>>> print(open('query_38.txt').read())   # compact mmCIF, C-alpha atoms
# COMPACT_ATOMS: atom_id res chain seq x y z
CA MET A 1379 94.40 200.69 107.16
CA HIS A 1380 95.80 199.84 110.58
CA ILE A 1381 95.99 196.11 111.29
CA LEU A 1382 96.33 194.69 114.78
CA ILE A 1383 98.11 191.32 114.74
CA ALA A 1384 97.13 189.38 117.87
CA PRO A 1385 97.84 185.64 117.54
CA ASN A 1386 98.34 182.90 120.08
CA ALA A 1387 101.28 180.50 119.86
CA PHE A 1388 101.21 177.71 117.28
CA LYS A 1389 101.82 174.77 119.61
CA ASN A 1390 105.02 172.76 119.04
CA SER A 1391 106.13 175.28 116.44
CA LEU A 1392 106.28 179.05 117.06
CA ASP A 1393 105.61 181.15 120.13
CA ALA A 1394 103.07 183.95 119.85
CA SER A 1395 105.67 186.68 119.28
CA ARG A 1396 107.25 184.84 116.35
CA VAL A 1397 103.81 184.12 114.88
CA ALA A 1398 102.93 187.82 115.03
CA LEU A 1399 106.20 188.83 113.37
CA ALA A 1400 105.73 186.28 110.59
CA ILE A 1401 102.26 187.65 109.83
CA GLN A 1402 103.64 191.18 109.90
CA ASP A 1403 106.45 190.20 107.49
CA GLY A 1404 103.89 188.69 105.12
CA LEU A 1405 101.77 191.83 105.10
CA LYS A 1406 104.85 193.95 104.37
CA LEU A 1407 105.55 191.79 101.31
CA SER A 1408 102.02 192.30 100.00
CA LYS A 1409 100.63 195.14 97.87
CA LEU A 1410 98.52 196.43 100.74
CA LYS A 1411 99.35 199.86 102.09
CA CYS A 1412 98.85 199.50 105.83
CA THR A 1413 100.30 200.06 109.25
CA THR A 1414 100.61 197.14 111.68
CA GLU A 1415 101.02 196.51 115.37
CA CYS A 1416 101.98 193.17 116.90
CA PHE A 1417 100.19 192.19 120.10
CA PRO A 1418 100.97 188.50 120.75
CA ILE A 1419 98.50 186.92 123.15
CA ALA A 1420 98.29 183.97 125.54
CA ASP A 1421 95.45 182.28 127.38
CA GLY A 1422 97.22 180.62 130.28
CA GLY A 1423 99.39 178.29 128.22
CA ASP A 1424 103.18 178.15 128.10
CA GLY A 1425 104.52 181.66 127.45
CA THR A 1426 101.69 183.56 129.15
CA GLY A 1427 103.80 184.84 132.03
CA SER A 1428 106.55 186.28 129.84
CA LEU A 1429 104.02 188.11 127.65
CA ILE A 1430 102.32 189.63 130.71
CA MET A 1431 105.69 190.76 132.01
CA GLU A 1432 106.62 192.27 128.66
CA ARG A 1433 103.36 194.20 128.33
CA CYS A 1434 103.26 195.32 131.96
CA LYS A 1435 106.97 196.20 132.06
CA GLY A 1436 107.56 194.00 135.08
CA LYS A 1437 110.69 193.29 137.08
CA ILE A 1438 112.28 189.85 136.65
CA ILE A 1439 113.68 188.01 139.68
CA TRP A 1440 115.84 184.89 139.28
CA LYS A 1441 115.94 182.17 141.92
CA GLU A 1442 117.25 178.62 142.35
CA VAL A 1443 114.44 176.05 142.52
CA HIS A 1444 113.90 172.36 141.79
CA ASP A 1445 112.72 171.06 138.42
CA PRO A 1446 109.98 168.37 138.11
CA LEU A 1447 112.49 165.62 138.94
CA GLY A 1448 114.05 167.44 141.89
CA ARG A 1449 117.19 168.82 140.22
CA LYS A 1450 118.32 172.35 141.02
CA ILE A 1451 117.77 174.89 138.22
CA LYS A 1452 117.66 178.65 137.78
CA SER A 1453 114.12 179.90 137.32
CA LEU A 1454 112.29 183.20 137.50
CA PHE A 1455 109.16 185.09 138.37
CA GLY A 1456 108.08 188.65 137.76
CA LEU A 1457 106.74 191.57 139.77
CA ILE A 1458 104.17 194.06 138.45
CA ASP A 1459 101.86 196.64 140.07
CA ASN A 1460 104.79 198.29 141.86
CA GLY A 1461 105.83 194.97 143.34
CA LYS A 1462 102.43 194.08 144.77
CA THR A 1463 101.68 191.29 142.26
CA ALA A 1464 103.85 188.35 141.28
CA VAL A 1465 103.54 186.68 137.89
CA ILE A 1466 104.61 183.03 137.88
CA GLU A 1467 104.68 180.67 134.95
CA MET A 1468 104.47 177.05 136.05
CA ALA A 1469 106.42 175.89 133.01
CA ASP A 1470 109.46 177.87 134.21
CA ALA A 1471 109.90 175.57 137.21
CA SER A 1472 107.72 172.52 136.55
CA GLY A 1473 107.44 172.48 132.78
CA LEU A 1474 107.64 169.87 130.06
CA ARG A 1475 110.32 171.91 128.33
CA LEU A 1476 112.68 171.32 131.29
CA LEU A 1477 112.80 167.58 130.67
CA LYS A 1478 114.12 165.40 127.90
CA LYS A 1479 111.59 163.15 126.21
CA ASP A 1480 112.94 160.02 127.89
CA GLU A 1481 112.71 161.73 131.32
CA LEU A 1482 108.96 162.34 131.20
CA ASN A 1483 107.24 160.44 134.00
CA PRO A 1484 104.20 162.03 135.68
CA MET A 1485 104.18 159.31 138.36
CA ARG A 1486 107.39 160.86 139.74
CA ALA A 1487 107.20 164.47 138.50
CA SER A 1488 106.43 167.16 141.07
CA SER A 1489 105.22 170.78 140.96
CA PHE A 1490 107.43 171.50 144.00
CA GLY A 1491 109.51 174.10 142.13
CA THR A 1492 106.47 176.22 141.33
CA GLY A 1493 105.68 176.29 145.03
CA GLU A 1494 109.24 177.48 145.68
CA LEU A 1495 108.68 180.39 143.28
CA MET A 1496 105.48 181.23 145.18
CA LYS A 1497 107.42 181.26 148.48
CA PHE A 1498 110.05 183.54 147.01
CA ALA A 1499 107.29 185.85 145.78
CA LEU A 1500 105.79 185.92 149.29
CA ASP A 1501 109.26 186.86 150.59
CA GLU A 1502 109.01 189.93 148.33
CA GLY A 1503 105.85 190.96 150.16
CA VAL A 1504 103.36 190.44 147.32
CA THR A 1505 99.63 190.47 148.07
CA LYS A 1506 98.63 188.79 144.80
CA ILE A 1507 100.06 185.94 142.73
CA ILE A 1508 99.04 185.32 139.12
CA LEU A 1509 99.80 181.77 138.01
CA ALA A 1510 99.90 180.68 134.36
CA MET A 1511 99.75 176.89 134.43
CA GLY A 1512 100.17 175.74 130.84
CA GLY A 1513 102.96 173.40 129.80
CA SER A 1514 103.44 171.59 133.10
CA ALA A 1515 105.12 168.18 133.25
CA THR A 1516 103.07 167.10 136.25
CA VAL A 1517 99.84 165.29 137.14
CA ASP A 1518 100.20 165.73 140.91
CA GLY A 1519 97.03 167.66 141.72
CA GLY A 1520 99.23 170.54 142.90
CA CYS A 1521 100.52 168.47 145.81
CA GLY A 1522 104.11 169.46 145.05
CA ILE A 1523 103.22 173.16 145.27
CA LEU A 1524 101.20 172.61 148.43
CA SER A 1525 104.00 170.65 150.10
CA THR A 1526 106.40 173.55 149.52
CA LEU A 1527 103.94 175.81 151.31
CA GLY A 1528 103.78 173.61 154.40
CA ILE A 1529 100.95 171.18 153.65
CA SER A 1530 101.66 167.50 154.37
CA PHE A 1531 100.09 164.36 152.93
CA LEU A 1532 99.83 161.56 155.46
CA ASP A 1533 99.39 157.78 155.25
CA ASP A 1534 97.24 155.66 157.57
CA ALA A 1535 99.92 155.77 160.25
CA GLY A 1536 100.16 159.58 160.10
CA LYS A 1537 103.53 159.47 158.36
CA PRO A 1538 104.23 162.20 155.73
CA LEU A 1539 104.49 160.94 152.16
CA PRO A 1540 106.66 162.33 149.33
CA ALA A 1541 104.50 164.66 147.23
CA ILE A 1542 104.56 162.66 144.00
CA PRO A 1543 101.72 160.50 142.60
CA GLU A 1544 103.74 157.30 142.96
CA SER A 1545 103.80 157.74 146.75
CA LEU A 1546 100.54 159.62 147.25
CA ALA A 1547 98.46 156.63 146.17
CA ASN A 1548 98.64 155.63 149.86
CA MET A 1549 97.47 159.01 151.21
CA SER A 1550 94.72 159.09 153.83
CA LYS A 1551 94.82 162.70 155.11
CA VAL A 1552 95.84 166.24 154.15
CA ASP A 1553 97.49 168.06 157.06
CA ILE A 1554 97.43 171.87 156.84
CA THR A 1555 98.58 172.68 160.38
CA SER A 1556 102.00 173.88 159.19
CA ILE A 1557 100.83 175.86 156.14
CA ASP A 1558 102.68 179.10 155.40
CA LYS A 1559 100.12 181.57 156.77
CA ARG A 1560 101.24 184.26 154.34
CA VAL A 1561 99.72 182.38 151.43
CA LEU A 1562 96.29 182.50 153.06
CA ASP A 1563 96.43 186.31 153.06
CA CYS A 1564 97.53 186.43 149.41
CA GLU A 1565 95.10 186.52 146.48
CA ILE A 1566 95.97 183.70 144.08
CA VAL A 1567 94.64 183.86 140.53
CA ILE A 1568 95.14 180.93 138.16
CA LEU A 1569 94.87 181.57 134.43
CA CYS A 1570 93.29 178.48 132.88
CA ASP A 1571 93.36 177.58 129.20
CA VAL A 1572 91.19 174.44 129.51
CA ASP A 1573 87.76 173.74 130.99
CA ASN A 1574 88.43 170.09 131.87
CA LYS A 1575 87.47 168.85 135.30
CA LEU A 1576 89.77 166.71 137.41
CA LEU A 1577 88.62 163.12 136.87
CA GLY A 1578 87.34 160.66 134.30
CA PRO A 1579 87.74 160.31 130.52
CA GLN A 1580 87.98 164.10 130.08
CA GLY A 1581 90.07 164.63 133.20
CA SER A 1582 93.72 165.39 133.87
CA ALA A 1583 95.16 161.88 133.66
CA HIS A 1584 93.32 160.69 130.56
CA VAL A 1585 93.48 163.85 128.44
CA PHE A 1586 96.77 165.43 129.47
CA GLY A 1587 98.69 162.51 130.97
CA PRO A 1588 99.96 161.12 127.64
CA GLN A 1589 101.56 164.42 126.58
CA LYS A 1590 103.39 164.45 129.92
CA GLY A 1591 104.75 160.96 129.33
CA ALA A 1592 102.06 158.79 130.92
CA THR A 1593 101.91 155.28 129.50
CA ALA A 1594 98.68 153.31 129.15
CA GLU A 1595 99.52 151.59 132.45
CA MET A 1596 100.13 154.90 134.24
CA ILE A 1597 96.87 156.61 133.28
CA PRO A 1598 94.54 154.57 135.54
CA LEU A 1599 97.08 154.86 138.37
CA LEU A 1600 97.18 158.66 137.99
CA ASP A 1601 93.41 158.88 137.78
CA GLY A 1602 93.17 156.66 140.85
CA PHE A 1603 95.55 158.91 142.79
CA LEU A 1604 93.55 162.01 141.77
CA THR A 1605 90.29 160.25 142.70
CA ASN A 1606 91.65 159.51 146.17
CA LEU A 1607 92.96 163.08 146.51
CA ALA A 1608 89.55 164.42 145.49
CA LYS A 1609 87.75 162.15 147.98
CA ILE A 1610 89.97 163.19 150.89
CA SER A 1611 89.97 166.88 149.91
CA THR A 1612 86.20 166.92 149.53
CA GLU A 1613 85.68 165.26 152.90
CA GLN A 1614 88.02 167.69 154.67
CA SER A 1615 87.10 170.91 152.87
CA GLY A 1616 83.43 170.39 152.08
CA ILE A 1617 84.04 171.41 148.45
CA ASN A 1618 83.60 168.78 145.74
CA MET A 1619 87.03 168.80 144.12
CA ALA A 1620 85.85 166.70 141.18
CA ASP A 1621 83.21 169.23 140.11
CA ILE A 1622 85.46 172.28 139.76
CA LYS A 1623 85.43 173.83 136.27
CA HIS A 1624 89.03 174.28 135.03
CA GLY A 1625 90.10 171.93 137.86
CA GLY A 1626 91.91 169.57 135.50
CA ALA A 1627 94.35 172.27 134.34
CA ALA A 1628 98.05 171.56 134.92
CA GLY A 1629 97.53 167.98 136.00
CA GLY A 1630 94.89 168.94 138.55
CA ALA A 1631 97.00 171.64 140.19
CA ALA A 1632 94.22 174.15 139.52
CA ALA A 1633 91.77 172.08 141.58
CA GLY A 1634 94.29 171.44 144.35
CA LEU A 1635 95.13 175.11 144.79
CA HIS A 1636 91.47 176.12 144.61
CA ILE A 1637 90.60 173.76 147.46
CA TRP A 1638 93.54 174.37 149.77
CA LEU A 1639 94.68 177.93 148.94
CA ASN A 1640 91.33 179.40 147.88
CA ALA A 1641 92.82 180.16 144.46
CA LYS A 1642 90.52 181.77 141.90
CA LEU A 1643 90.32 179.87 138.61
CA VAL A 1644 89.68 182.29 135.76
CA ASN A 1645 89.47 182.24 131.99
CA GLY A 1646 93.03 182.84 130.84
CA ILE A 1647 92.49 184.95 127.74
CA ASP A 1648 89.96 187.33 129.32
CA THR A 1649 92.31 188.02 132.22
CA PHE A 1650 95.33 188.35 129.93
CA LEU A 1651 93.59 190.90 127.71
CA SER A 1652 92.46 192.88 130.73
CA LEU A 1653 95.90 192.88 132.37
CA THR A 1654 97.63 193.98 129.18
CA ASN A 1655 95.11 196.73 128.32
CA PHE A 1656 94.16 195.17 124.99
CA ASP A 1657 91.12 197.46 124.59
CA ARG A 1658 93.34 200.52 124.32
CA VAL A 1659 95.32 199.04 121.44
CA LEU A 1660 92.22 197.66 119.75
CA GLN A 1661 90.53 201.04 119.40
CA ASN A 1662 92.93 202.08 116.61
CA ALA A 1663 92.49 198.92 114.52
CA GLY A 1664 90.60 198.66 111.23
CA LEU A 1665 91.25 194.91 111.02
CA VAL A 1666 92.38 192.24 113.48
CA ILE A 1667 94.35 189.17 112.47
CA THR A 1668 94.58 186.42 115.08
CA GLY A 1669 95.55 182.77 114.92
CA GLU A 1670 96.48 179.50 116.58
CA GLY A 1671 97.57 176.03 115.54
CA SER A 1672 93.94 174.95 115.25
CA ILE A 1673 90.75 177.01 115.16
CA ASP A 1674 87.59 174.95 115.51
CA GLU A 1675 84.59 174.45 117.80
CA GLN A 1676 86.94 174.03 120.79
CA THR A 1677 88.17 177.59 120.20
CA LEU A 1678 84.76 178.86 121.26
CA LEU A 1679 85.26 177.42 124.76
CA GLY A 1680 87.54 180.32 125.65
CA LYS A 1681 90.75 179.95 123.65
CA GLY A 1682 92.92 182.95 122.80
CA PRO A 1683 91.67 183.75 119.28
CA TYR A 1684 88.07 183.62 120.49
CA GLY A 1685 88.80 186.12 123.27
CA VAL A 1686 90.40 188.47 120.75
CA ALA A 1687 87.53 188.06 118.29
CA VAL A 1688 84.88 188.78 120.93
CA LYS A 1689 86.60 192.06 121.80
CA ALA A 1690 86.99 193.04 118.16
CA LYS A 1691 83.43 192.20 117.12
CA ALA A 1692 82.10 194.28 120.03
CA ARG A 1693 83.65 197.25 118.19
CA ASN A 1694 82.49 196.01 114.74
CA ILE A 1695 86.09 195.37 113.70
CA PRO A 1696 86.50 192.54 111.14
CA VAL A 1697 88.56 189.54 112.23
CA ILE A 1698 90.65 187.11 110.18
CA GLY A 1699 91.80 183.87 111.80
CA LEU A 1700 94.87 182.04 110.50
CA ALA A 1701 95.49 178.45 111.60
CA GLY A 1702 97.22 175.27 110.62
CA LYS A 1703 93.89 173.50 110.83
CA ILE A 1704 90.34 174.81 110.36
CA PRO A 1705 86.98 172.98 109.98
CA LEU A 1706 86.29 171.41 106.59
CA GLU A 1707 82.67 172.57 106.65
CA PRO A 1708 81.51 176.15 107.44
CA ASN A 1709 80.62 176.61 111.10
CA THR A 1710 77.93 179.19 111.83
CA GLU A 1711 79.12 179.81 115.39
CA LEU A 1712 82.69 180.46 114.30
CA GLN A 1713 81.42 182.73 111.53
CA GLN A 1714 79.87 184.98 114.15
CA TYR A 1715 83.36 185.88 115.39
CA PHE A 1716 85.68 185.28 112.44
CA ASP A 1717 84.92 187.00 109.13
CA ALA A 1718 87.37 184.65 107.47
CA LEU A 1719 89.17 181.50 108.61
CA ILE A 1720 92.19 180.59 106.50
CA SER A 1721 94.41 177.54 106.73
CA ILE A 1722 98.08 178.38 106.25
CA ASN A 1723 98.81 174.96 104.74
CA ASN A 1724 98.54 174.79 100.95
CA GLU A 1725 99.43 171.17 100.24
CA LEU A 1726 98.86 167.72 101.69
CA THR A 1727 101.68 166.83 104.05
CA ASP A 1728 102.37 165.10 107.35
CA THR A 1729 101.98 166.94 110.64
CA ALA A 1730 105.71 167.14 111.37
CA THR A 1731 106.42 168.76 108.00
CA ALA A 1732 103.53 171.19 108.41
CA ILE A 1733 104.83 172.22 111.84
CA SER A 1734 108.36 172.75 110.53
CA ASN A 1735 107.00 175.01 107.77
CA THR A 1736 104.76 177.11 110.02
CA GLU A 1737 106.76 180.34 109.79
CA LYS A 1738 107.12 180.13 106.02
CA ASN A 1739 103.43 179.32 105.59
CA LEU A 1740 102.36 182.18 107.85
CA ILE A 1741 104.40 184.67 105.82
CA ARG A 1742 103.03 183.35 102.53
CA THR A 1743 99.43 183.32 103.74
CA ALA A 1744 99.66 186.82 105.22
CA THR A 1745 101.04 188.09 101.92
CA ILE A 1746 98.04 186.61 100.10
CA VAL A 1747 95.66 188.16 102.65
CA GLY A 1748 97.29 191.55 102.12
CA ASP A 1749 97.09 191.24 98.34
CA LEU A 1750 93.41 190.29 98.48
CA ILE A 1751 92.57 193.26 100.71
CA ALA A 1752 94.54 195.52 98.36
CA LEU A 1753 92.47 194.25 95.40
CA ASP A 1754 89.28 194.98 97.30
CA ASN A 1755 90.47 198.51 98.05
CA ASN A 1756 91.12 199.31 94.38
>>> encode(input="query_38.txt", output="structure tokens")
Amino acid sequence: MHILIAPNAFKNSLDASRVALAIQDGLKLSKLKCTTECFPIADGGDGTGSLIMERCKGKIIWKEVHDPLGRKIKSLFGLIDNGKTAVIEMADASGLRLLKKDELNPMRASSFGTGELMKFALDEGVTKIILAMGGSATVDGGCGILSTLGISFLDDAGKPLPAIPESLANMSKVDITSIDKRVLDCEIVILCDVDNKLLGPQGSAHVFGPQKGATAEMIPLLDGFLTNLAKISTEQSGINMADIKHGGAAGGAAAGLHIWLNAKLVNGIDTFLSLTNFDRVLQNAGLVITGEGSIDEQTLLGKGPYGVAVKAKARNIPVIGLAGKIPLEPNTELQQYFDALISINNELTDTATAISNTEKNLIRTATIVGDLIALDNN
């Protein structure tokens, strides 16, 4: 039997590559005679860009940019398709992982550095930019990126404002007269891993603000800033910014770039699997093992394991999903795509302990899976 191991990252624990290797190690320890191939996946979240570059054998380019708080850092982007397409991961310039916990403050954090990477990519002559937006530290509606590319945000007196939410609360107009014209001739594709729209209880500020450091007092201020941005953008562009599916991704940057740069917002996992030629690898598999920190009803909205399972089931290949958390009761919709869902946790424990034991639990669970399949084959 040939097993394709195609998991997503387990958030706050292991990246997708380490998850795949742990599952592979577990299968090797089992009694099952099999061959394996690791194909770690991503759906637009943190780590997507590096996996695309690895699979597409891209060229890495390092540049100096500004982090979310305006400090100079070394960051990178990649070139694929013979240099015609740039791959940029927002987290590499504007990510949570660049800040210490006590530095998180989405009222002052900017996506400016991601815009700098886009400008550097345009300097390379690219005609397409693929943006993976997961893991950002910002809730700025993409204003930092847009400001880097020549767009200004003006107050009532026509004075430009700093492109951070704290200042943009007083914005009354978006000025695009000085936009870098090259970006308008460049296809921009944003890989989205969430469906959330921009505003309200399920919007950027309320759902994602807290993980970026937003306090209870900040959340209504951030939502108010985004509401004002949406109102102005809608009036000037004629497109309702608040109604855009995926628009809440990366603190509203997806919506901002869609409105002002005509960026295409696409399902992250479908695009990832297409870019990396997943179908070619899948055709040799007799079994697919995928996984993520949690597999539940939300997975069916377009998360990584679901995208993998859809592809596998189209070829009648069985799919096993491994996760830290699965539904307590059987779910008929999930059962259509996953032949078995298995929690890797085997004892009651707190979340922090479970996360710290992820690798060990993946190896143990994969060994059990291999042994069970071996029994069935006897």
>>> residues_around(input="query_38.txt", residues="A:Gly1427", least_positions_apart="5", cutoff="10 Å", atoms="all atoms listed in the file", output="list in words")
Ala1420, Asp1421, Gly1422, Glu1432, Phe1455, Gly1456, Ala1464, Val1465, Ile1466, Glu1467, Met1468, Ala1469, Asp1470, Ile1508, Leu1509, Ala1510, Met1511, Gly1512, Leu1569 and Phe1650 of chain A
>>> residues_near_point(input="query_38.txt", point="(111.5, 167.0, 132.3)", cutoff="12 Å", atoms="only C-alpha atoms", output="PyMOL selection string")
chain A and resi 1444-1449+1451+1469-1484+1486-1489+1513-1516+1589-1591
>>> write_last_selection(input="query_38.txt", atoms="C-alpha atoms", output="PDB file, keeping the file's coordinate frame")
ATOM      1  CA  HIS A1444     113.900 172.360 141.790  1.00  0.00           C
ATOM      2  CA  ASP A1445     112.720 171.060 138.420  1.00  0.00           C
ATOM      3  CA  PRO A1446     109.980 168.370 138.110  1.00  0.00           C
ATOM      4  CA  LEU A1447     112.490 165.620 138.940  1.00  0.00           C
ATOM      5  CA  GLY A1448     114.050 167.440 141.890  1.00  0.00           C
ATOM      6  CA  ARG A1449     117.190 168.820 140.220  1.00  0.00           C
ATOM      7  CA  ILE A1451     117.770 174.890 138.220  1.00  0.00           C
ATOM      8  CA  ALA A1469     106.420 175.890 133.010  1.00  0.00           C
ATOM      9  CA  ASP A1470     109.460 177.870 134.210  1.00  0.00           C
ATOM     10  CA  ALA A1471     109.900 175.570 137.210  1.00  0.00           C
ATOM     11  CA  SER A1472     107.720 172.520 136.550  1.00  0.00           C
ATOM     12  CA  GLY A1473     107.440 172.480 132.780  1.00  0.00           C
ATOM     13  CA  LEU A1474     107.640 169.870 130.060  1.00  0.00           C
ATOM     14  CA  ARG A1475     110.320 171.910 128.330  1.00  0.00           C
ATOM     15  CA  LEU A1476     112.680 171.320 131.290  1.00  0.00           C
ATOM     16  CA  LEU A1477     112.800 167.580 130.670  1.00  0.00           C
ATOM     17  CA  LYS A1478     114.120 165.400 127.900  1.00  0.00           C
ATOM     18  CA  LYS A1479     111.590 163.150 126.210  1.00  0.00           C
ATOM     19  CA  ASP A1480     112.940 160.020 127.890  1.00  0.00           C
ATOM     20  CA  GLU A1481     112.710 161.730 131.320  1.00  0.00           C
ATOM     21  CA  LEU A1482     108.960 162.340 131.200  1.00  0.00           C
ATOM     22  CA  ASN A1483     107.240 160.440 134.000  1.00  0.00           C
ATOM     23  CA  PRO A1484     104.200 162.030 135.680  1.00  0.00           C
ATOM     24  CA  ARG A1486     107.390 160.860 139.740  1.00  0.00           C
ATOM     25  CA  ALA A1487     107.200 164.470 138.500  1.00  0.00           C
ATOM     26  CA  SER A1488     106.430 167.160 141.070  1.00  0.00           C
ATOM     27  CA  SER A1489     105.220 170.780 140.960  1.00  0.00           C
ATOM     28  CA  GLY A1513     102.960 173.400 129.800  1.00  0.00           C
ATOM     29  CA  SER A1514     103.440 171.590 133.100  1.00  0.00           C
ATOM     30  CA  ALA A1515     105.120 168.180 133.250  1.00  0.00           C
ATOM     31  CA  THR A1516     103.070 167.100 136.250  1.00  0.00           C
ATOM     32  CA  GLN A1589     101.560 164.420 126.580  1.00  0.00           C
ATOM     33  CA  LYS A1590     103.390 164.450 129.920  1.00  0.00           C
ATOM     34  CA  GLY A1591     104.750 160.960 129.330  1.00  0.00           C
TER      35      GLY A1591
END
>>> residues_near_point(input="query_38.txt", point="(98.2, 168.1, 137.1)", cutoff="7 Å", atoms="only C-alpha atoms", output="JSON, numbers by chain")
{"A": [1516, 1517, 1518, 1519, 1520, 1582, 1626, 1627, 1628, 1629, 1630, 1631]}
>>> closest_atom_pairs(input="query_38.txt", of="stretch 1633-1660 of chain A", to="stretch 1682-1705 of chain A", cutoff="8 Å", atoms="only C-alpha atoms", output="CSV")
residue,atom,partner,partner_atom,distance
A:Ile1647,CA,A:Gly1682,CA,5.3
A:Asp1648,CA,A:Gly1685,CA,6.3
A:Asp1657,CA,A:Lys1689,CA,7.6
A:Leu1660,CA,A:Ala1690,CA,7.2
>>> write_last_selection(input="query_38.txt", atoms="C-alpha atoms", output="mmCIF file, in the coordinates of the input")
data_model
loop_
_atom_site.group_PDB
_atom_site.id
_atom_site.type_symbol
_atom_site.label_atom_id
_atom_site.label_comp_id
_atom_site.auth_asym_id
_atom_site.auth_seq_id
_atom_site.Cartn_x
_atom_site.Cartn_y
_atom_site.Cartn_z
ATOM 1 C CA ILE A 1647 92.490 184.950 127.740
ATOM 2 C CA ASP A 1648 89.960 187.330 129.320
ATOM 3 C CA ASP A 1657 91.120 197.460 124.590
ATOM 4 C CA LEU A 1660 92.220 197.660 119.750
#
>>> axis_aligned_box(input="query_38.txt", around="stretch 1483-1496 of chain A", padding_each_side="8 Å", output="lines of an AutoDock Vina configuration file")
center_x = 106.8
center_y = 170.3
center_z = 139.8
size_x = 21.3
size_y = 37.9
size_z = 27.7
>>> closest_residue(input="query_38.txt", among="A:Gly1634, A:Gly1581, A:Pro1708, A:Pro1385", to="A:Gly1522", atoms="all atoms listed in the file")
A:Gly1634
>>> atom_distance(input="query_38.txt", atom1="atom CA of A:Asp1754", atom2="atom CA of A:Ile1381")
15.6 Å
>>> closest_atom_pairs(input="query_38.txt", of="stretch 1582-1694 of chain A", to="stretch 1543-1549 of chain A", cutoff="10 Å", atoms="only C-alpha atoms", output="tab-separated table")
residue	atom	partner	partner_atom	distance
A:Met1596	CA	A:Glu1544	CA	9.7
A:Leu1599	CA	A:Ala1547	CA	8.1
A:Leu1600	CA	A:Pro1543	CA	6.7
A:Asp1601	CA	A:Pro1543	CA	9.7
A:Gly1602	CA	A:Ala1547	CA	7.5
A:Phe1603	CA	A:Ala1547	CA	5.0
A:Leu1604	CA	A:Pro1543	CA	8.3
A:Thr1605	CA	A:Ala1547	CA	9.6
A:Asn1606	CA	A:Ala1547	CA	7.4
A:Leu1607	CA	A:Met1549	CA	7.7
A:Ile1610	CA	A:Met1549	CA	8.6
>>> atom_distance(input="query_38.txt", atom1="atom CA of A:Val1666", atom2="atom CA of A:Ala1718")
10.9 Å
